[in-house]
>>> print(open('model_20.tsv').read())   # TSV, C-alpha atoms
chain	number	residue	atom	x	y	z
A	1	MET	CA	-46.08	278.87	124.15
A	2	ALA	CA	-47.59	277.63	120.91
A	3	ARG	CA	-44.23	276.29	119.80
A	4	LYS	CA	-43.77	274.46	123.08
A	5	ASP	CA	-47.20	272.93	122.80
A	6	LEU	CA	-46.52	271.86	119.23
A	7	LEU	CA	-43.20	270.26	120.19
A	8	LYS	CA	-44.85	268.51	123.10
A	9	GLY	CA	-47.53	267.20	120.79
A	10	LEU	CA	-44.98	265.83	118.35
A	11	LEU	CA	-43.01	264.10	121.08
A	12	SER	CA	-46.11	262.49	122.52
A	13	ALA	CA	-47.56	261.42	119.19
A	14	GLY	CA	-48.72	257.85	119.25
A	15	THR	CA	-48.83	257.75	123.06
A	16	GLU	CA	-51.65	260.16	123.82
A	17	THR	CA	-55.13	260.41	122.24
A	18	ASP	CA	-56.93	263.51	121.16
A	19	SER	CA	-60.48	263.75	122.35
A	20	ALA	CA	-61.62	264.60	118.86
A	21	SER	CA	-59.72	261.95	116.92
A	22	ALA	CA	-58.61	258.30	117.06
A	23	PRO	CA	-55.17	257.51	118.52
A	24	LEU	CA	-52.31	257.70	116.10
A	25	PRO	CA	-51.00	254.22	115.16
A	26	ARG	CA	-47.60	253.14	116.55
A	27	PRO	CA	-44.92	252.43	113.98
A	28	PRO	CA	-44.29	248.70	113.54
A	29	ALA	CA	-41.54	247.23	115.72
A	30	LEU	CA	-38.26	246.85	113.86
A	31	GLN	CA	-37.13	243.23	113.48
A	32	PRO	CA	-33.37	242.55	113.65
A	33	ARG	CA	-32.09	241.79	110.20
A	34	PRO	CA	-29.76	238.85	109.71
A	35	VAL	CA	-26.20	239.96	109.28
A	36	LYS	CA	-24.67	238.70	106.09
A	37	GLY	CA	-21.61	239.21	104.01
A	38	ALA	CA	-18.37	240.59	105.40
A	39	ILE	CA	-19.94	241.86	108.64
A	40	GLY	CA	-21.45	238.46	109.36
A	41	ALA	CA	-18.11	236.74	108.69
A	42	VAL	CA	-16.35	239.11	111.07
A	43	GLY	CA	-18.95	238.42	113.76
A	44	GLN	CA	-18.57	234.69	113.33
A	45	SER	CA	-14.79	234.97	113.49
A	46	ILE	CA	-15.02	236.94	116.71
A	47	ALA	CA	-17.29	234.25	118.21
A	48	GLU	CA	-14.81	231.54	117.19
A	49	LEU	CA	-11.88	233.46	118.66
A	50	LYS	CA	-13.82	233.88	121.87
A	51	SER	CA	-14.41	230.11	122.04
A	52	ARG	CA	-10.68	229.56	121.60
A	53	SER	CA	-9.65	232.07	124.22
A	54	VAL	CA	-7.84	230.94	127.34
A	55	ILE	CA	-9.42	231.56	130.72
A	56	GLU	CA	-8.16	231.11	134.26
A	57	VAL	CA	-10.03	228.74	136.58
A	58	ASP	CA	-9.48	227.93	140.24
A	59	ALA	CA	-8.03	224.39	140.35
A	60	GLY	CA	-10.37	223.58	143.24
A	61	LEU	CA	-13.35	223.94	140.89
A	62	ILE	CA	-12.12	221.30	138.43
A	63	ASP	CA	-13.22	217.66	138.60
A	64	ASN	CA	-11.98	214.65	136.64
A	65	ALA	CA	-14.10	213.28	133.80
A	66	GLY	CA	-13.95	210.60	131.15
A	67	PHE	CA	-12.07	207.33	131.63
A	68	GLU	CA	-8.92	206.33	133.45
A	69	ASP	CA	-5.98	206.82	131.10
A	70	ARG	CA	-3.03	206.32	133.44
A	71	LEU	CA	-2.28	203.21	135.48
A	72	ASP	CA	0.50	204.75	137.60
A	73	ALA	CA	-0.21	207.53	140.13
A	74	ASP	CA	3.21	209.18	139.59
A	75	ASP	CA	3.12	211.36	142.72
A	76	ALA	CA	6.79	212.22	142.30
A	77	GLY	CA	6.20	213.37	138.72
A	78	ILE	CA	3.27	215.56	139.78
A	79	ALA	CA	5.39	217.19	142.50
A	80	GLU	CA	8.19	217.86	140.01
A	81	LEU	CA	5.72	219.34	137.53
A	82	ALA	CA	4.29	221.56	140.29
A	83	ARG	CA	7.77	222.94	141.06
A	84	SER	CA	8.34	223.60	137.36
A	85	MET	CA	5.02	225.47	137.08
A	86	GLN	CA	5.92	227.60	140.09
A	87	ASP	CA	9.18	228.60	138.39
A	88	TYR	CA	8.06	228.97	134.79
A	89	GLY	CA	4.28	229.05	134.86
A	90	GLN	CA	1.84	226.97	132.83
A	91	GLN	CA	2.90	226.94	129.19
A	92	VAL	CA	0.15	224.78	127.65
A	93	PRO	CA	-3.56	225.22	128.56
A	94	VAL	CA	-5.78	222.29	129.48
A	95	LEU	CA	-9.21	221.58	128.01
A	96	LEU	CA	-12.29	221.86	130.23
A	97	ARG	CA	-16.03	221.63	129.93
A	98	HIS	CA	-18.80	222.75	132.29
A	99	ASN	CA	-19.69	220.07	134.82
A	100	PRO	CA	-23.16	218.95	133.66
A	101	LYS	CA	-24.07	217.78	137.17
A	102	GLN	CA	-22.99	220.78	139.23
A	103	GLU	CA	-23.36	224.44	138.34
A	104	GLY	CA	-20.23	226.52	138.66
A	105	ARG	CA	-17.80	223.60	138.42
A	106	PHE	CA	-15.78	222.22	135.53
A	107	GLU	CA	-14.51	218.87	134.27
A	108	VAL	CA	-11.09	218.28	132.76
A	109	VAL	CA	-11.14	216.70	129.32
A	110	TYR	CA	-7.38	216.39	129.08
A	111	GLY	CA	-4.53	217.80	131.12
A	112	ARG	CA	-5.20	216.01	134.43
A	113	ARG	CA	-1.54	216.01	135.47
A	114	ARG	CA	-1.27	219.75	134.83
A	115	VAL	CA	-4.42	220.38	136.86
A	116	ALA	CA	-3.10	218.24	139.72
A	117	ALA	CA	0.27	220.00	139.64
A	118	LEU	CA	-1.30	223.48	139.56
A	119	ARG	CA	-3.61	222.51	142.43
A	120	GLN	CA	-0.56	221.40	144.40
A	121	ALA	CA	1.29	224.61	143.51
A	122	GLY	CA	-1.70	226.77	144.48
A	123	LEU	CA	-1.91	228.34	141.02
A	124	PRO	CA	-4.94	228.98	138.78
A	125	VAL	CA	-5.40	226.76	135.74
A	126	LYS	CA	-5.16	228.24	132.26
A	127	ALA	CA	-7.77	226.45	130.18
A	128	MET	CA	-9.81	226.42	127.03
A	129	LEU	CA	-13.51	225.88	127.69
A	130	ARG	CA	-15.73	223.87	125.35
A	131	ASP	CA	-19.33	222.70	125.32
A	132	LEU	CA	-18.87	218.94	124.89
A	133	THR	CA	-21.19	215.95	125.15
A	134	ASP	CA	-19.97	212.83	126.92
A	135	ARG	CA	-19.19	211.27	123.53
A	136	ASP	CA	-17.25	214.35	122.39
A	137	LEU	CA	-15.36	214.39	125.69
A	138	LEU	CA	-14.21	210.78	125.30
A	139	ILE	CA	-13.18	211.24	121.68
A	140	ALA	CA	-11.20	214.37	122.58
A	141	GLN	CA	-9.56	212.55	125.49
A	142	GLY	CA	-8.78	209.55	123.30
A	143	GLN	CA	-7.26	211.65	120.52
A	144	GLU	CA	-5.10	213.47	123.05
A	145	ASN	CA	-3.97	210.10	124.42
A	146	ALA	CA	-3.22	208.75	120.94
A	147	ILE	CA	-0.60	211.41	120.22
A	148	ARG	CA	1.02	211.42	123.65
A	149	LYS	CA	4.37	209.64	123.78
A	150	ASP	CA	4.25	209.00	127.53
A	151	LEU	CA	1.20	206.74	127.50
A	152	SER	CA	2.13	203.08	127.18
A	153	PHE	CA	0.48	200.49	124.97
A	154	ILE	CA	-1.40	198.89	127.86
A	155	GLU	CA	-2.77	202.25	129.04
A	156	LYS	CA	-4.19	202.92	125.57
A	157	ALA	CA	-5.54	199.36	125.44
A	158	ASN	CA	-7.23	199.86	128.80
A	159	PHE	CA	-8.75	203.12	127.55
A	160	ALA	CA	-10.14	201.28	124.49
A	161	ARG	CA	-11.63	198.60	126.77
A	162	GLN	CA	-13.36	201.23	128.90
A	163	MET	CA	-14.87	202.87	125.81
A	164	ARG	CA	-16.15	199.53	124.52
A	165	ASP	CA	-17.61	198.59	127.90
A	166	ALA	CA	-19.38	201.96	128.00
A	167	GLY	CA	-21.21	201.05	124.79
A	168	PHE	CA	-19.17	202.88	122.14
A	169	ASP	CA	-18.81	201.02	118.85
A	170	ARG	CA	-15.51	200.17	117.17
A	171	ALA	CA	-15.71	203.08	114.73
A	172	VAL	CA	-15.88	205.62	117.56
A	173	ILE	CA	-13.02	203.91	119.42
A	174	CYS	CA	-10.94	203.97	116.23
A	175	ASP	CA	-11.61	207.69	115.82
A	176	ALA	CA	-10.77	208.37	119.45
A	177	LEU	CA	-7.40	206.58	119.35
A	178	ALA	CA	-6.63	207.28	115.67
A	179	VAL	CA	-5.96	203.62	114.85
A	180	ASP	CA	-7.68	201.05	112.64
A	181	LYS	CA	-9.98	198.21	113.69
A	182	THR	CA	-7.20	195.60	113.54
A	183	VAL	CA	-5.12	197.48	116.11
A	184	ILE	CA	-8.19	198.04	118.30
A	185	SER	CA	-8.92	194.29	118.18
A	186	ARG	CA	-5.40	193.51	119.37
A	187	MET	CA	-5.63	196.13	122.10
A	188	LEU	CA	-8.91	194.67	123.33
A	189	ALA	CA	-7.52	191.12	123.16
A	190	VAL	CA	-4.77	192.18	125.56
A	191	ALA	CA	-7.01	194.26	127.84
A	192	ASP	CA	-9.54	191.42	128.07
A	193	GLY	CA	-6.83	188.85	128.72
A	194	ILE	CA	-5.30	190.67	131.70
A	195	PRO	CA	-7.43	190.83	134.86
A	196	LEU	CA	-7.88	194.46	135.90
A	197	SER	CA	-6.51	193.72	139.38
A	198	LEU	CA	-3.29	192.38	137.82
A	199	LEU	CA	-3.16	195.29	135.37
A	200	ARG	CA	-3.30	197.80	138.22
A	201	ALA	CA	-0.71	195.83	140.20
A	202	ILE	CA	1.76	195.84	137.29
A	203	GLY	CA	1.13	199.38	136.08
A	204	ALA	CA	1.92	201.10	132.78
A	205	ALA	CA	5.11	199.13	131.98
A	206	PRO	CA	6.20	201.57	129.25
A	207	SER	CA	9.00	199.30	128.00
A	208	ALA	CA	6.62	196.41	127.33
A	209	GLY	CA	5.05	196.70	123.90
A	210	ARG	CA	2.09	194.95	122.31
A	211	ASP	CA	3.90	191.70	121.49
A	212	ARG	CA	5.10	191.10	125.03
A	213	TRP	CA	1.68	191.86	126.48
A	214	LEU	CA	0.19	189.36	124.00
A	215	GLN	CA	2.71	186.77	125.16
A	216	LEU	CA	1.75	187.48	128.76
A	217	VAL	CA	-1.91	186.91	127.87
A	218	GLU	CA	-0.99	183.50	126.47
A	219	ARG	CA	0.95	182.62	129.62
A	220	LEU	CA	-1.98	183.65	131.80
A	221	ARG	CA	-4.37	181.13	130.25
A	222	ASP	CA	-5.82	178.74	132.85
A	223	ARG	CA	-3.86	180.47	135.60
A	224	ASP	CA	-5.37	181.43	138.94
A	225	PRO	CA	-5.44	185.28	138.94
A	226	ASP	CA	-5.03	185.43	142.72
A	227	ALA	CA	-1.96	183.19	142.55
A	228	VAL	CA	-0.44	185.38	139.81
A	229	LEU	CA	-1.00	188.50	141.92
A	230	GLN	CA	1.17	186.98	144.62
A	231	VAL	CA	4.25	187.02	142.36
A	232	VAL	CA	4.01	190.73	141.42
A	233	ALA	CA	7.12	192.44	142.76
A	234	GLY	CA	9.42	195.29	141.73
A	235	ASP	CA	10.17	198.96	142.30
A	236	SER	CA	8.88	200.05	138.89
A	237	SER	CA	6.07	198.93	136.61
A	238	ASP	CA	8.61	197.61	134.08
A	239	ALA	CA	10.26	195.54	136.81
A	240	ARG	CA	6.90	194.20	137.96
A	241	PHE	CA	6.01	193.21	134.40
A	242	GLU	CA	9.32	191.37	134.00
A	243	THR	CA	8.83	189.53	137.28
A	244	VAL	CA	5.39	188.26	136.28
A	245	PHE	CA	6.57	187.47	132.74
A	246	ARG	CA	9.49	185.35	133.98
A	247	LYS	CA	7.48	183.57	136.66
A	248	LEU	CA	4.83	182.57	134.14
A	249	SER	CA	7.43	181.32	131.67
A	250	ALA	CA	8.56	178.62	134.13
A	251	PRO	CA	7.01	175.20	133.53
A	252	ARG	CA	3.94	174.54	135.62
A	253	PRO	CA	4.21	171.82	138.23
A	254	ARG	CA	2.67	168.65	136.81
A	255	PRO	CA	0.05	166.92	138.95
A	256	GLU	CA	1.35	163.74	140.53
A	257	GLY	CA	0.77	160.67	138.37
A	258	ARG	CA	0.15	162.67	135.19
A	259	PRO	CA	2.54	161.51	132.44
A	260	GLU	CA	4.71	163.86	130.41
A	261	PRO	CA	3.31	164.22	126.84
A	262	GLU	CA	5.29	162.91	123.90
A	263	ALA	CA	6.08	165.27	121.05
A	264	LEU	CA	3.60	165.07	118.16
A	265	MET	CA	5.78	165.42	115.05
A	266	GLY	CA	4.60	166.72	111.71
A	267	SER	CA	6.17	167.11	108.26
A	268	GLY	CA	9.68	168.56	108.34
A	269	HIS	CA	10.07	167.53	111.99
A	270	VAL	CA	7.80	170.33	113.13
A	271	ILE	CA	6.36	169.71	116.59
A	272	LEU	CA	2.60	170.07	116.22
A	273	GLY	CA	1.73	169.37	119.84
A	274	GLY	CA	1.82	166.44	122.21
A	275	VAL	CA	0.46	162.94	122.79
A	276	THR	CA	-0.43	161.83	126.32
A	277	ARG	CA	-1.12	158.17	127.12
A	278	LYS	CA	-2.63	157.16	130.43
A	279	GLY	CA	-4.23	153.76	130.92
A	280	SER	CA	-6.67	153.15	128.13
A	281	THR	CA	-6.83	156.83	127.10
A	282	THR	CA	-4.68	158.59	124.51
A	283	THR	CA	-4.95	162.39	124.21
A	284	PHE	CA	-3.68	164.49	121.30
A	285	SER	CA	-3.09	168.20	121.90
A	286	PHE	CA	-2.15	170.69	119.19
A	287	ASP	CA	-0.23	173.96	119.31
A	288	SER	CA	-2.52	176.38	117.46
A	289	LYS	CA	0.44	178.50	116.33
A	290	GLU	CA	2.09	175.54	114.58
A	291	VAL	CA	-0.77	173.54	113.13
A	292	ALA	CA	-2.26	176.43	111.10
A	293	GLY	CA	-5.66	174.76	110.83
A	294	PHE	CA	-4.42	171.19	110.61
A	295	ASP	CA	-6.44	170.28	113.71
A	296	ASP	CA	-9.67	171.36	112.00
A	297	TRP	CA	-8.66	169.56	108.81
A	298	LEU	CA	-7.93	166.42	110.81
A	299	ALA	CA	-11.30	166.54	112.51
A	300	ARG	CA	-13.07	166.80	109.12
A	301	HIS	CA	-11.09	163.99	107.53
A	302	LEU	CA	-10.94	161.67	110.51
A	303	PRO	CA	-13.67	159.29	109.17
A	304	ASP	CA	-11.72	158.86	105.90
A	305	LEU	CA	-8.45	158.35	107.75
A	306	HIS	CA	-10.04	155.83	110.09
A	307	ALA	CA	-11.51	153.94	107.10
A	308	ARG	CA	-8.07	153.91	105.47
A	309	PHE	CA	-6.57	152.61	108.72
A	310	LEU	CA	-9.14	149.81	108.92
A	311	THR	CA	-8.54	148.82	105.29
A	312	GLU	CA	-4.78	148.74	105.71
A	313	THR	CA	-4.78	146.87	109.01
A	314	ARG	CA	-7.33	144.31	107.82
A	315	GLY	CA	-5.34	143.82	104.65
A	316	SER	CA	-2.17	143.21	106.60
A	317	ASP	CA	-3.96	140.83	108.98
A	318	SER	CA	-5.20	138.68	106.06
A	319	THR	CA	-1.74	138.09	104.65
>>> encode(input="model_20.tsv", output="structure tokens")
Amino acid sequence: MARKDLLKGLLSAGTETDSASAPLPRPPALQPRPVKGAIGAVGQSIAELKSRSVIEVDAGLIDNAGFEDRLDADDAGIAELARSMQDYGQQVPVLLRHNPKQEGRFEVVYGRRRVAALRQAGLPVKAMLRDLTDRDLLIAQGQENAIRKDLSFIEKANFARQMRDAGFDRAVICDALAVDKTVISRMLAVADGIPLSLLRAIGAAPSAGRDRWLQLVERLRDRDPDAVLQVVAGDSSDARFETVFRKLSAPRPRPEGRPEPEALMGSGHVILGGVTRKGSTTTFSFDSKEVAGFDDWLARHLPDLHARFLTETRGSDST
């Protein structure tokens, strides 16, 4: 019995008090020690591998996020991709993040077509899951777009415009699309020069590169956007682009009574612009691509040229 009482006393030490003595102090609580060295590295590697692991998510729980990156719906392509996934499965995972506005749902960072095809096929979506801010999401989406061969120039330009309009600076846009500021400026010049309604009506036009879109911007100057929309026609986006491009290359009807301008010749018989004379008014117009700053130079030196003209004409009148 004595041994049992002794064992009981040892087991209850620190939790019971003896009437003749003060309670025994509890041992201090053990604090977790930081893991360092090889064990810490292994733990960190396991955490990183876990973050890179692929999970399966119900396609019905995935919402779109970020900006519009495609101008064509491509329903036929989605259906074909769905049939391929039914036969061969999903080979490349998409990237998701948790939907910050709704618990239990996700947002697709990139891989929208795969998600749409898997939803149509009734299959779960294989995905990598990341904790991303809105800024990180857009940069990830932009970098994915920058390396994709199937996105056209105008789709990337439209993506850059959306980022700028959302308040992102040029440096972030450059990082997102992996291009320099000069290219971004040209992209934005095109995106700003094409009304969004016309852009959607034409579509991605994958065969039309930057130079042709820039030419279209020039041809759209001073045009009525609603009138241009009326000429959009074609079975494909490339055909629609060509239709608009050709229609805008035709000479505009000249208002009745307005004279045809005369060619304004420069050195080497280069046509610098035109001269229009009507009544007591003479109008000079310059082609900015040909004059290379001559119009500005002329404006600065016009007083000297006018003085020279007066001197020469007065001299000839006196003889």
>>> closest_residue(input="model_20.tsv", among="A:Thr182, A:Gln215, A:Thr133, A:Ser53", to="Arg246 of chain A", atoms="only C-alpha atoms")
A:Gln215
>>> axis_aligned_box(input="model_20.tsv", around="segment 90-102 of chain A", padding_each_side="6 Å", output="lines of an AutoDock Vina configuration file")
center_x = -10.6
center_y = 222.4
center_z = 133.4
size_x = 39.0
size_y = 21.2
size_z = 23.6
>>> residues_around(input="model_20.tsv", residues="Val94 of chain A", least_positions_apart="3", cutoff="12 Å", atoms="only C-alpha atoms", output="PyMOL selection string")
chain A and resi 52-57+59+62+90-91+97+106-116+118+124-130+140-141+144
>>> closest_residue(input="model_20.tsv", among="A:Leu123, A:Leu61, A:Ile184, A:Leu199", to="Asn99 of chain A", atoms="only C-alpha atoms")
A:Leu61
>>> atom_distance(input="model_20.tsv", atom1="atom CA of Ala292 of chain A", atom2="atom CA of Gly273 of chain A")
11.9 Å
>>> atom_distance(input="model_20.tsv", atom1="atom CA of Asp63 of chain A", atom2="atom CA of Ile78 of chain A")
16.7 Å
>>> residues_near_point(input="model_20.tsv", point="(-14.1, 196.7, 124.2)", cutoff="10 Å", atoms="all atoms listed in the file", output="PyMOL selection string")
chain A and resi 157-170+173+184-185+187-189+191-192
>>> atom_distance(input="model_20.tsv", atom1="atom CA of Arg219 of chain A", atom2="atom CA of Ala178 of chain A")
29.3 Å
>>> residues_around(input="model_20.tsv", residues="Arg83 of chain A", least_positions_apart="6", cutoff="10 Å", atoms="only C-alpha atoms", output="PyMOL selection string")
chain A and resi 77+89+117-118+120-121
